[in-house]
file model_26.tsv (TSV, C-alpha atoms and all ligand atoms)
chain	number	residue	atom	x	y	z
N	690	MET	CA	5.57	41.54	0.83
N	691	THR	CA	7.77	41.35	3.91
N	692	SER	CA	11.11	43.11	4.15
N	693	THR	CA	12.89	39.74	3.96
N	694	ASP	CA	11.34	38.83	0.60
N	695	VAL	CA	13.43	39.43	-2.48
N	696	PRO	CA	11.47	41.62	-4.93
N	697	ARG	CA	10.20	39.33	-7.67
N	698	THR	CA	9.49	40.09	-11.28
N	699	ALA	CA	6.91	38.08	-13.22
N	700	ALA	CA	9.77	36.13	-14.82
N	701	THR	CA	11.53	35.18	-11.56
N	702	ALA	CA	8.20	34.33	-9.93
N	703	GLY	CA	7.38	32.05	-12.88
N	704	ALA	CA	10.79	30.37	-12.58
N	705	GLY	CA	10.30	29.88	-8.83
N	706	ARG	CA	6.92	28.32	-9.42
N	707	HIS	CA	8.35	26.04	-12.09
N	708	GLU	CA	11.14	24.89	-9.76
N	709	THR	CA	8.83	24.38	-6.80
N	710	ALA	CA	6.43	22.30	-8.86
N	711	GLN	CA	9.27	20.17	-10.25
N	712	ARG	CA	10.67	19.57	-6.75
N	713	LEU	CA	7.23	18.56	-5.50
N	714	LEU	CA	6.79	16.15	-8.41
N	715	ASP	CA	10.20	14.58	-7.68
N	716	SER	CA	9.40	14.30	-3.99
N	717	SER	CA	6.02	12.75	-4.76
N	718	ALA	CA	7.66	10.18	-7.05
N	719	MET	CA	10.03	9.24	-4.21
N	720	LEU	CA	7.51	9.02	-1.37
N	721	SER	CA	3.78	8.55	-1.84
N	722	TYR	CA	1.41	6.03	-0.29
N	723	ASP	CA	-1.41	3.83	-1.39
N	724	PRO	CA	-3.75	3.81	1.64
N	725	ALA	CA	-5.58	0.77	0.24
N	726	THR	CA	-2.53	-1.36	1.03
N	727	GLU	CA	-0.64	0.73	3.64
N	728	VAL	CA	-3.42	1.01	6.22
N	729	ASP	CA	-4.41	-2.01	8.31
N	730	TRP	CA	-8.08	-2.25	7.34
N	731	GLU	CA	-8.41	-5.87	8.47
N	732	THR	CA	-7.79	-5.82	12.24
N	733	PRO	CA	-11.08	-5.07	14.02
N	734	LEU	CA	-11.30	-1.79	15.93
N	735	ASP	CA	-9.70	-2.09	19.39
N	736	LYS	CA	-11.79	0.08	21.70
N	737	ASN	CA	-8.96	0.33	24.22
N	738	PHE	CA	-7.51	3.08	22.06
N	739	HIS	CA	-8.35	6.70	21.50
N	740	GLY	CA	-9.25	7.99	18.04
N	741	ALA	CA	-7.23	11.17	18.58
N	742	SER	CA	-4.87	12.55	21.20
N	743	PRO	CA	-7.18	13.29	24.15
N	744	GLU	CA	-5.63	16.76	24.57
N	745	TRP	CA	-7.21	17.61	21.20
N	746	SER	CA	-10.70	16.69	22.33
N	747	THR	CA	-13.10	19.63	22.42
N	748	LEU	CA	-14.00	18.61	25.98
N	749	TYR	CA	-10.51	17.93	27.34
N	750	GLY	CA	-9.95	19.98	30.48
N	751	THR	CA	-13.65	20.64	31.16
N	752	SER	CA	-15.56	19.40	34.20
N	753	TYR	CA	-17.60	17.16	31.88
N	754	TRP	CA	-14.38	15.46	30.73
N	755	ALA	CA	-13.37	14.85	34.35
N	756	GLU	CA	-16.72	13.15	35.00
N	757	MET	CA	-16.52	10.86	31.98
N	758	SER	CA	-15.25	7.29	32.21
N	759	THR	CA	-12.07	6.45	30.29
N	760	GLU	CA	-14.21	4.37	27.90
N	761	GLN	CA	-16.42	7.39	27.22
N	762	GLN	CA	-13.44	9.65	26.67
N	763	LYS	CA	-12.06	7.15	24.15
N	764	GLU	CA	-15.40	6.88	22.39
N	765	LEU	CA	-15.57	10.68	22.18
N	766	THR	CA	-12.09	11.04	20.65
N	767	ARG	CA	-12.95	8.29	18.16
N	768	GLN	CA	-16.12	10.14	17.12
N	769	GLU	CA	-14.21	13.43	16.98
N	770	ALA	CA	-11.47	11.90	14.82
N	771	ALA	CA	-14.13	10.53	12.48
N	772	SER	CA	-15.77	13.95	12.30
N	773	VAL	CA	-12.47	15.63	11.45
N	774	ALA	CA	-11.86	13.02	8.72
N	775	SER	CA	-15.36	13.61	7.32
N	776	THR	CA	-14.86	17.37	7.26
N	777	GLY	CA	-11.55	16.61	5.54
N	778	ILE	CA	-13.45	14.80	2.79
N	779	TRP	CA	-15.84	17.73	2.39
N	780	PHE	CA	-12.99	20.16	2.03
N	781	GLU	CA	-10.91	17.91	-0.22
N	782	MET	CA	-13.83	17.77	-2.65
N	783	ILE	CA	-14.00	21.58	-2.67
N	784	LEU	CA	-10.24	21.75	-3.14
N	785	GLN	CA	-10.09	19.25	-6.00
N	786	GLN	CA	-12.68	21.21	-7.92
N	787	MET	CA	-10.93	24.55	-7.36
N	788	VAL	CA	-7.54	23.22	-8.48
N	789	LEU	CA	-9.06	21.47	-11.49
N	790	ARG	CA	-10.79	24.70	-12.54
N	791	ASP	CA	-7.59	26.70	-12.02
N	792	PHE	CA	-5.62	24.49	-14.40
N	793	TYR	CA	-8.35	24.08	-17.01
N	794	ALA	CA	-6.84	24.27	-20.52
N	795	LYS	CA	-3.41	25.39	-19.23
N	796	ASP	CA	-0.06	24.13	-20.54
N	797	PRO	CA	0.13	20.41	-19.68
N	798	THR	CA	3.93	20.35	-20.08
N	799	ASP	CA	4.27	22.83	-17.21
N	800	PRO	CA	5.40	21.04	-14.01
N	801	ALA	CA	2.81	23.12	-12.10
N	802	PHE	CA	0.06	21.59	-14.25
N	803	GLN	CA	1.35	18.08	-13.59
N	804	TRP	CA	1.79	18.83	-9.93
N	805	ALA	CA	-1.82	20.07	-9.72
N	806	LEU	CA	-3.09	16.77	-11.12
N	807	THR	CA	-0.81	14.87	-8.72
N	808	GLU	CA	-2.28	16.82	-5.82
N	809	ILE	CA	-5.83	16.10	-6.99
N	810	ALA	CA	-4.95	12.38	-7.21
N	811	ASP	CA	-3.53	12.54	-3.65
N	812	GLU	CA	-6.71	14.15	-2.36
N	813	CYS	CA	-8.86	11.58	-4.09
N	814	ARG	CA	-6.97	8.77	-2.29
N	815	HIS	CA	-7.10	10.72	0.98
N	816	SER	CA	-10.86	11.10	0.82
N	817	ILE	CA	-11.37	7.38	0.27
N	818	MET	CA	-8.94	6.73	3.14
N	819	PHE	CA	-10.79	9.12	5.46
N	820	ALA	CA	-14.12	7.58	4.48
N	821	ARG	CA	-12.94	4.06	5.32
N	822	GLY	CA	-11.24	5.32	8.49
N	823	ALA	CA	-14.36	7.08	9.80
N	824	GLU	CA	-16.43	4.01	9.07
N	825	LYS	CA	-13.94	1.78	10.89
N	826	LEU	CA	-14.05	4.12	13.89
N	827	GLY	CA	-17.72	3.24	14.17
N	828	ALA	CA	-19.00	6.67	13.20
N	829	PRO	CA	-22.08	7.57	11.16
N	830	PRO	CA	-21.61	9.84	8.13
N	831	TYR	CA	-20.81	13.30	9.54
N	832	ARG	CA	-21.52	16.20	7.23
N	833	PRO	CA	-21.12	19.94	7.84
N	834	ARG	CA	-24.23	21.94	8.72
N	835	ARG	CA	-26.48	23.06	5.88
N	836	LEU	CA	-25.17	26.64	5.67
N	837	ALA	CA	-21.56	25.45	5.39
N	838	VAL	CA	-22.49	22.91	2.72
N	839	GLU	CA	-24.29	25.54	0.63
N	840	LEU	CA	-21.58	28.20	1.03
N	841	GLY	CA	-19.02	25.53	0.12
N	842	ARG	CA	-21.02	24.77	-3.02
N	843	VAL	CA	-20.73	28.40	-4.14
N	844	PHE	CA	-17.10	28.72	-3.04
N	845	LYS	CA	-15.91	25.62	-4.91
N	846	ALA	CA	-17.63	26.80	-8.09
N	847	THR	CA	-16.42	30.39	-8.03
N	848	ALA	CA	-13.29	30.94	-5.90
N	849	GLY	CA	-10.01	31.42	-7.71
N	850	GLY	CA	-6.56	32.94	-7.28
N	851	GLU	CA	-5.39	33.67	-3.74
N	852	ALA	CA	-8.89	33.13	-2.32
N	853	ALA	CA	-8.78	29.49	-3.41
N	854	TYR	CA	-5.15	28.75	-2.49
N	855	ALA	CA	-5.14	30.52	0.87
N	856	ALA	CA	-8.36	28.73	1.89
N	857	ILE	CA	-6.76	25.44	0.82
N	858	LEU	CA	-3.73	26.31	2.93
N	859	VAL	CA	-5.79	27.09	6.02
N	860	ALA	CA	-7.68	23.79	5.84
N	861	GLU	CA	-4.47	21.83	5.28
N	862	GLU	CA	-2.55	23.57	8.06
N	863	VAL	CA	-5.31	23.16	10.64
N	864	LEU	CA	-5.53	19.43	9.89
N	865	ASP	CA	-1.76	19.11	9.83
N	866	VAL	CA	-1.13	20.30	13.37
N	867	MET	CA	-3.65	17.88	14.86
N	868	GLN	CA	-2.54	14.96	12.74
N	869	ARG	CA	1.15	15.43	13.60
N	870	ASP	CA	0.24	14.87	17.25
N	871	TRP	CA	-2.09	11.94	16.57
N	872	MET	CA	0.32	10.05	14.35
N	873	ARG	CA	2.97	9.93	17.10
N	874	ASP	CA	0.59	9.20	19.98
N	875	GLU	CA	0.64	5.62	21.25
N	876	ARG	CA	-2.77	6.10	22.85
N	877	VAL	CA	-4.26	6.51	19.37
N	878	VAL	CA	-5.50	3.41	17.54
N	879	PRO	CA	-2.73	2.21	15.15
N	880	PHE	CA	-4.69	2.40	11.88
N	881	VAL	CA	-5.59	6.04	12.59
N	882	ARG	CA	-1.92	6.77	13.26
N	883	THR	CA	-1.04	5.32	9.84
N	884	ILE	CA	-3.77	7.39	8.16
N	885	ASN	CA	-2.45	10.53	9.83
N	886	ASN	CA	1.13	9.72	8.94
N	887	ILE	CA	0.22	9.31	5.26
N	888	HIS	CA	-1.74	12.53	5.31
N	889	VAL	CA	0.97	14.56	7.03
N	890	VAL	CA	3.66	13.42	4.58
N	891	GLU	CA	1.63	14.10	1.44
N	892	GLU	CA	0.04	17.31	2.69
N	893	SER	CA	3.40	18.89	3.48
N	894	ARG	CA	3.91	19.09	-0.29
N	895	HIS	CA	0.42	20.48	-0.85
N	896	MET	CA	1.04	23.21	1.73
N	897	LYS	CA	4.25	24.28	-0.02
N	898	PHE	CA	2.35	24.61	-3.28
N	899	ALA	CA	-0.54	26.48	-1.63
N	900	ARG	CA	1.88	28.97	-0.04
N	901	GLU	CA	3.71	29.49	-3.32
N	902	GLU	CA	0.45	29.96	-5.24
N	903	THR	CA	-1.00	32.32	-2.64
N	904	ARG	CA	2.08	34.55	-2.82
N	905	GLU	CA	2.21	34.38	-6.58
N	906	GLN	CA	-1.47	35.14	-7.14
N	907	LEU	CA	-1.28	38.07	-4.74
N	908	GLU	CA	1.49	39.70	-6.75
N	909	GLY	CA	-0.98	40.78	-9.38
N	910	ALA	CA	-3.68	41.79	-6.91
N	911	GLY	CA	-4.64	45.41	-6.35
N	912	PHE	CA	-5.70	46.96	-3.04
N	913	VAL	CA	-9.43	46.33	-3.39
N	914	ARG	CA	-9.09	42.73	-4.55
N	915	ARG	CA	-6.66	42.04	-1.73
N	916	ARG	CA	-9.05	43.46	0.86
N	917	ILE	CA	-12.05	41.56	-0.49
N	918	ASN	CA	-10.20	38.26	-0.74
N	919	ALA	CA	-8.65	38.69	2.71
N	920	LEU	CA	-12.20	38.72	4.05
N	921	VAL	CA	-13.38	35.85	1.82
N	922	ILE	CA	-10.46	33.69	3.01
N	923	ALA	CA	-11.20	34.51	6.65
N	924	ILE	CA	-14.90	33.63	6.28
N	925	ALA	CA	-13.99	30.38	4.49
N	926	SER	CA	-11.54	29.60	7.33
N	927	TYR	CA	-14.23	30.22	9.91
N	928	PHE	CA	-16.58	27.74	8.22
N	929	ILE	CA	-13.84	25.15	7.75
N	930	VAL	CA	-12.70	25.28	11.37
N	931	SER	CA	-16.18	25.48	12.87
N	932	SER	CA	-17.23	22.44	10.80
N	933	MET	CA	-14.45	20.21	12.12
N	934	ILE	CA	-16.41	18.74	15.00
N	935	ASN	CA	-19.99	17.81	14.20
N	936	ARG	CA	-22.38	18.42	17.10
N	937	ASP	CA	-23.63	14.82	16.84
N	938	VAL	CA	-20.29	13.44	18.08
N	939	TYR	CA	-21.44	14.05	21.67
N	940	LYS	CA	-24.71	12.17	21.30
N	941	ASN	CA	-22.87	9.33	19.55
N	942	ALA	CA	-20.39	9.14	22.42
N	943	GLY	CA	-23.33	8.77	24.80
N	944	LEU	CA	-23.11	12.32	26.17
N	945	ASP	CA	-25.64	15.06	26.81
N	946	THR	CA	-25.33	17.20	23.67
N	947	LYS	CA	-26.49	20.43	25.31
N	948	ARG	CA	-24.03	20.26	28.17
N	949	ALA	CA	-21.20	19.07	25.93
N	950	LEU	CA	-21.76	21.91	23.45
N	951	ARG	CA	-21.88	24.46	26.25
N	952	GLU	CA	-18.66	23.24	27.85
N	953	ALA	CA	-16.87	22.77	24.50
N	954	LYS	CA	-17.77	26.33	23.51
N	955	ALA	CA	-16.24	27.70	26.69
N	956	ASN	CA	-13.20	25.38	26.64
N	957	GLU	CA	-10.18	27.67	26.93
N	958	HIS	CA	-7.77	24.73	26.73
N	959	HIS	CA	-9.04	23.79	23.27
N	960	LYS	CA	-9.01	27.39	22.08
N	961	ALA	CA	-5.40	27.74	23.23
N	962	MET	CA	-4.44	24.53	21.36
N	963	MET	CA	-5.93	25.93	18.15
N	964	ARG	CA	-4.31	29.33	18.56
N	965	SER	CA	-0.83	28.07	19.34
N	966	SER	CA	-0.89	25.50	16.55
N	967	CYS	CA	-1.98	28.10	13.99
N	968	ALA	CA	0.66	30.70	14.90
N	969	GLY	CA	2.83	29.88	11.85
N	970	LEU	CA	-0.17	30.01	9.53
N	971	MET	CA	-1.27	33.39	10.87
N	972	GLU	CA	2.25	34.73	10.47
N	973	PHE	CA	2.19	33.66	6.83
N	974	LEU	CA	-1.23	35.25	6.19
N	975	GLY	CA	0.01	38.41	7.91
N	976	SER	CA	3.11	38.51	5.70
N	977	CYS	CA	0.79	38.36	2.67
N	978	GLY	CA	-1.25	41.31	3.94
N	979	LEU	CA	-4.30	39.09	4.46
N	980	LEU	CA	-4.88	39.83	8.14
N	981	THR	CA	-7.03	42.89	7.62
N	982	ARG	CA	-9.20	44.15	10.45
N	983	PRO	CA	-12.48	42.61	9.14
N	984	ALA	CA	-10.63	39.32	8.46
N	985	LEU	CA	-9.30	39.25	12.01
N	986	VAL	CA	-12.87	39.24	13.35
N	987	PHE	CA	-13.41	35.83	11.73
N	988	TYR	CA	-10.00	34.41	12.69
N	989	LYS	CA	-10.72	35.39	16.29
N	990	ARG	CA	-14.17	33.85	16.17
N	991	ALA	CA	-12.60	30.63	14.89
N	992	ASN	CA	-9.98	30.84	17.69
N	993	LEU	CA	-7.16	30.81	15.18
N	994	ILE	CA	-5.57	33.97	16.60
N	1001	FE	FE	-5.58	15.51	1.82
N	1002	FE	FE	-4.03	18.65	0.36

call {"tool": "encode", "arguments": {"input": "model_26.tsv", "output": "structure tokens", "more": "lines below"}}
Ligand SMILES: [Fe+2]
Ligand SMILES: [Fe+2]
result
Amino acid sequence: MTSTDVPRTAATAGAGRHETAQRLLDSSAMLSYDPATEVDWETPLDKNFHGASPEWSTLYGTSYWAEMSTEQQKELTRQEAASVASTGIWFEMILQQMVLRDFYAKDPTDPAFQWALTEIADECRHSIMFARGAEKLGAPPYRPRRLAVELGRVFKATAGGEAAYAAILVAEEVLDVMQRDWMRDERVVPFVRTINNIHVVEESRHMKFAREETREQLEGAGFVRRRINALVIAIASYFIVSSMINRDVYKNAGLDTKRALREAKANEHHKAMMRSSCAGLMEFLGSCGLLTRPALVFYKRANLI
């Protein structure tokens, strides 16, 4: 707890949760999207556009980037955007299962219960939207590497409490910062901008809920549980972030995978983009006491701090 937080009893925390969930439900009723009708799925892909803001490319700023033709750079950002969307689907499936398990057999009249189902419904629409978007970008199915898939399988079946909600928050925040840039960027293909706009609007509610739940769940956590989950969240974050860009994007953009991977790995520009965009998230995790020394090792490895 930070010095600015008002000490909360179980009763006031419950009331806060109730109010937050009700506000989120009201907001969702006022502004939600149906990607099936909102996104322009009909117009064929215009290859004059990028798939993402070039500054977010893992190769932007490298000597390889400088050697690439504009067409190649655009193809790369389209493949990278498709990879991010595909990783989004992977994580949204993990998330839906964790939230569904968390609310199993709880009070259905509680706004938090109804909000949880609303969020799951949002994610279900998002995943279909990302799937169609990646396909339209001309990308093959990108899936995380085997180890991430198998660890995700265990995590989605077992994680609960703050471990689940803080991991959800990390994934949503990391996507959010990129997508806020892409949705405003006129160099990005219009249908991708719409997809990102929809996602940013709906995820801002999810992030509020994830923050609230993380704080709430931590209130009952003792020292040992807090330390263990701080590390679990950091490891989950590392796998989420390192799965964002599939290594095959380079080959599919007509590049030399080995050289691209080498230069992407050493790309200080991209690392700085990640760090600066995750500053608010890290501050939040710090205020929850989740930035323990072992956890920091993984956040640093993921270039989040
Ligand atoms: Fe989503
Ligand atoms: Fe979400």

call {"tool": "atom_distance", "arguments": {"input": "model_26.tsv", "atom1": "atom CA of Ala910 of chain N", "atom2": "atom CA of Met782 of chain N"}}
result
26.4 Å

call {"tool": "atom_distance", "arguments": {"input": "model_26.tsv", "atom1": "atom CA of Ala853 of chain N", "atom2": "atom CA of Pro833 of chain N"}}
result
19.2 Å

call {"tool": "closest_residue", "arguments": {"input": "model_26.tsv", "among": "N:Asp945, N:Glu808, N:Glu957, N:Glu824", "to": "ligand FE 1002 (chain N)", "atoms": "all atoms listed in the file"}}
result
N:Glu808

call {"tool": "residues_near_ligand", "arguments": {"input": "model_26.tsv", "ligand": "ligand FE 1002 (chain N)", "cutoff": "9 Å", "atoms": "all atoms listed in the file", "output": "PyMOL selection string"}}
result
chain N and resi 781+784-785+808-809+811-812+815+857-858+860-861+888+891-896+899

call {"tool": "residues_around", "arguments": {"input": "model_26.tsv", "residues": "Lys940 of chain N", "least_positions_apart": "3", "cutoff": "12 Å", "atoms": "all atoms listed in the file", "output": "PyMOL selection string"}}
result
chain N and resi 761+764-765+768-769+828-829+935-937+943-950

call {"tool": "closest_residue", "arguments": {"input": "model_26.tsv", "among": "N:Arg951, N:His739, N:Arg904, N:Lys989", "to": "Val881 of chain N", "atoms": "only C-alpha atoms"}}
result
N:His739

call {"tool": "closest_residue", "arguments": {"input": "model_26.tsv", "among": "N:Phe898, N:Phe780, N:Phe844, N:Phe973", "to": "Val930 of chain N", "atoms": "only C-alpha atoms"}}
result
N:Phe780

call {"tool": "residues_around", "arguments": {"input": "model_26.tsv", "residues": "Arg982 of chain N", "least_positions_apart": "2", "cutoff": "10 Å", "atoms": "only C-alpha atoms", "output": "list in words"}}
result
Arg916, Ala919, Leu920, Leu979, Leu980, Ala984, Leu985, Val986 and Phe987 of chain N

call {"tool": "closest_residue", "arguments": {"input": "model_26.tsv", "among": "N:Arg915, N:His959, N:Lys736, N:Arg814", "to": "ligand FE 1001 (chain N)", "atoms": "all atoms listed in the file"}}
result
N:Arg814

call {"tool": "closest_residue", "arguments": {"input": "model_26.tsv", "among": "N:Ala955, N:Val859, N:Ala801, N:Pro743", "to": "Gly969 of chain N", "atoms": "all atoms listed in the file"}}
result
N:Val859

call {"tool": "atom_distance", "arguments": {"input": "model_26.tsv", "atom1": "atom CA of Ala704 of chain N", "atom2": "atom CA of Phe792 of chain N"}}
result
17.5 Å

call {"tool": "closest_residue", "arguments": {"input": "model_26.tsv", "among": "N:Phe738, N:Tyr722, N:Phe802, N:Tyr831", "to": "Ser775 of chain N", "atoms": "only C-alpha atoms"}}
result
N:Tyr831

call {"tool": "residues_around", "arguments": {"input": "model_26.tsv", "residues": "Val877 of chain N", "least_positions_apart": "6", "cutoff": "10 Å", "atoms": "all atoms listed in the file", "output": "list of chain:residue names"}}
result
N:Asn737, N:Phe738, N:His739, N:Gly740, N:Ala741, N:Ser742, N:Pro743, N:Lys763, N:Thr766, N:Arg767, N:Asp870, N:Trp871

call {"tool": "residues_around", "arguments": {"input": "model_26.tsv", "residues": "Met872 of chain N", "least_positions_apart": "5", "cutoff": "8 Å", "atoms": "all atoms listed in the file", "output": "PyMOL selection string"}}
result
chain N and resi 877+881-886

call {"tool": "residues_around", "arguments": {"input": "model_26.tsv", "residues": "Met971 of chain N", "least_positions_apart": "5", "cutoff": "9 Å", "atoms": "all atoms listed in the file", "output": "PyMOL selection string"}}
result
chain N and resi 976+980+988+993-994

call {"tool": "residues_near_point", "arguments": {"input": "model_26.tsv", "point": "(-14.1, 7.9, 7.5)", "cutoff": "10 Å", "atoms": "only C-alpha atoms", "output": "ChimeraX atom specification"}}
result
/N:770-778,815-831

call {"tool": "decode", "arguments": {"input": "model_26.tsv", "residues": "segment 968-977 of chain N", "atoms": "all heavy atoms", "output": "PDB file, in the first residue's frame"}}
result
ATOM      1  N   ALA N 968       6.174   2.570 -18.182  1.00  0.00           N
ATOM      2  CA  ALA N 968       6.535   3.249 -16.928  1.00  0.00           C
ATOM      3  C   ALA N 968       5.358   3.278 -15.941  1.00  0.00           C
ATOM      4  O   ALA N 968       5.521   2.991 -14.753  1.00  0.00           O
ATOM      5  CB  ALA N 968       7.026   4.658 -17.236  1.00  0.00           C
ATOM      6  N   GLY N 969       4.165   3.605 -16.449  1.00  0.00           N
ATOM      7  CA  GLY N 969       2.978   3.675 -15.576  1.00  0.00           C
ATOM      8  C   GLY N 969       2.639   2.320 -14.977  1.00  0.00           C
ATOM      9  O   GLY N 969       2.291   2.205 -13.803  1.00  0.00           O
ATOM     10  N   LEU N 970       2.758   1.286 -15.796  1.00  0.00           N
ATOM     11  CA  LEU N 970       2.480  -0.078 -15.340  1.00  0.00           C
ATOM     12  C   LEU N 970       3.449  -0.483 -14.236  1.00  0.00           C
ATOM     13  O   LEU N 970       3.058  -1.034 -13.202  1.00  0.00           O
ATOM     14  CB  LEU N 970       2.594  -1.042 -16.528  1.00  0.00           C
ATOM     15  CG  LEU N 970       2.571  -2.529 -16.215  1.00  0.00           C
ATOM     16  CD1 LEU N 970       1.222  -2.945 -15.644  1.00  0.00           C
ATOM     17  CD2 LEU N 970       2.891  -3.348 -17.466  1.00  0.00           C
ATOM     18  N   MET N 971       4.736  -0.186 -14.442  1.00  0.00           N
ATOM     19  CA  MET N 971       5.743  -0.552 -13.450  1.00  0.00           C
ATOM     20  C   MET N 971       5.514   0.203 -12.135  1.00  0.00           C
ATOM     21  O   MET N 971       5.699  -0.352 -11.054  1.00  0.00           O
ATOM     22  CB  MET N 971       7.147  -0.267 -13.998  1.00  0.00           C
ATOM     23  CG  MET N 971       7.567  -1.198 -15.107  1.00  0.00           C
ATOM     24  SD  MET N 971       7.641  -2.936 -14.556  1.00  0.00           S
ATOM     25  CE  MET N 971       6.584  -3.715 -15.745  1.00  0.00           C
ATOM     26  N   GLU N 972       5.085   1.451 -12.269  1.00  0.00           N
ATOM     27  CA  GLU N 972       4.795   2.240 -11.067  1.00  0.00           C
ATOM     28  C   GLU N 972       3.661   1.576 -10.278  1.00  0.00           C
ATOM     29  O   GLU N 972       3.722   1.473  -9.053  1.00  0.00           O
ATOM     30  CB  GLU N 972       4.398   3.646 -11.507  1.00  0.00           C
ATOM     31  CG  GLU N 972       4.556   4.685 -10.422  1.00  0.00           C
ATOM     32  CD  GLU N 972       4.073   6.040 -10.916  1.00  0.00           C
ATOM     33  OE1 GLU N 972       4.531   6.470 -12.004  1.00  0.00           O
ATOM     34  OE2 GLU N 972       3.231   6.640 -10.234  1.00  0.00           O
ATOM     35  N   PHE N 973       2.650   1.115 -11.007  1.00  0.00           N
ATOM     36  CA  PHE N 973       1.526   0.443 -10.344  1.00  0.00           C
ATOM     37  C   PHE N 973       1.993  -0.842  -9.651  1.00  0.00           C
ATOM     38  O   PHE N 973       1.682  -1.080  -8.486  1.00  0.00           O
ATOM     39  CB  PHE N 973       0.417   0.117 -11.354  1.00  0.00           C
ATOM     40  CG  PHE N 973      -0.679  -0.728 -10.762  1.00  0.00           C
ATOM     41  CD1 PHE N 973      -1.628  -0.163  -9.913  1.00  0.00           C
ATOM     42  CD2 PHE N 973      -0.739  -2.088 -11.019  1.00  0.00           C
ATOM     43  CE1 PHE N 973      -2.622  -0.946  -9.334  1.00  0.00           C
ATOM     44  CE2 PHE N 973      -1.728  -2.876 -10.442  1.00  0.00           C
ATOM     45  CZ  PHE N 973      -2.672  -2.302  -9.606  1.00  0.00           C
ATOM     46  N   LEU N 974       2.761  -1.665 -10.366  1.00  0.00           N
ATOM     47  CA  LEU N 974       3.235  -2.922  -9.771  1.00  0.00           C
ATOM     48  C   LEU N 974       4.102  -2.634  -8.544  1.00  0.00           C
ATOM     49  O   LEU N 974       4.034  -3.334  -7.536  1.00  0.00           O
ATOM     50  CB  LEU N 974       4.007  -3.750 -10.810  1.00  0.00           C
ATOM     51  CG  LEU N 974       3.195  -4.276 -12.005  1.00  0.00           C
ATOM     52  CD1 LEU N 974       4.079  -5.036 -12.983  1.00  0.00           C
ATOM     53  CD2 LEU N 974       2.047  -5.175 -11.548  1.00  0.00           C
ATOM     54  N   GLY N 975       4.909  -1.569  -8.642  1.00  0.00           N
ATOM     55  CA  GLY N 975       5.744  -1.169  -7.512  1.00  0.00           C
ATOM     56  C   GLY N 975       4.890  -0.768  -6.313  1.00  0.00           C
ATOM     57  O   GLY N 975       5.168  -1.162  -5.176  1.00  0.00           O
ATOM     58  N   SER N 976       3.812  -0.021  -6.578  1.00  0.00           N
ATOM     59  CA  SER N 976       2.947   0.433  -5.483  1.00  0.00           C
ATOM     60  C   SER N 976       2.238  -0.742  -4.810  1.00  0.00           C
ATOM     61  O   SER N 976       1.788  -0.647  -3.683  1.00  0.00           O
ATOM     62  CB  SER N 976       1.919   1.455  -5.996  1.00  0.00           C
ATOM     63  OG  SER N 976       0.883   0.794  -6.690  1.00  0.00           O
ATOM     64  N   CYS N 977       2.133  -1.870  -5.531  1.00  0.00           N
ATOM     65  CA  CYS N 977       1.510  -3.071  -4.964  1.00  0.00           C
ATOM     66  C   CYS N 977       2.546  -3.972  -4.291  1.00  0.00           C
ATOM     67  O   CYS N 977       2.216  -5.066  -3.833  1.00  0.00           O
ATOM     68  CB  CYS N 977       0.817  -3.870  -6.064  1.00  0.00           C
ATOM     69  SG  CYS N 977      -0.595  -3.057  -6.786  1.00  0.00           S
TER      70      CYS N 977
END
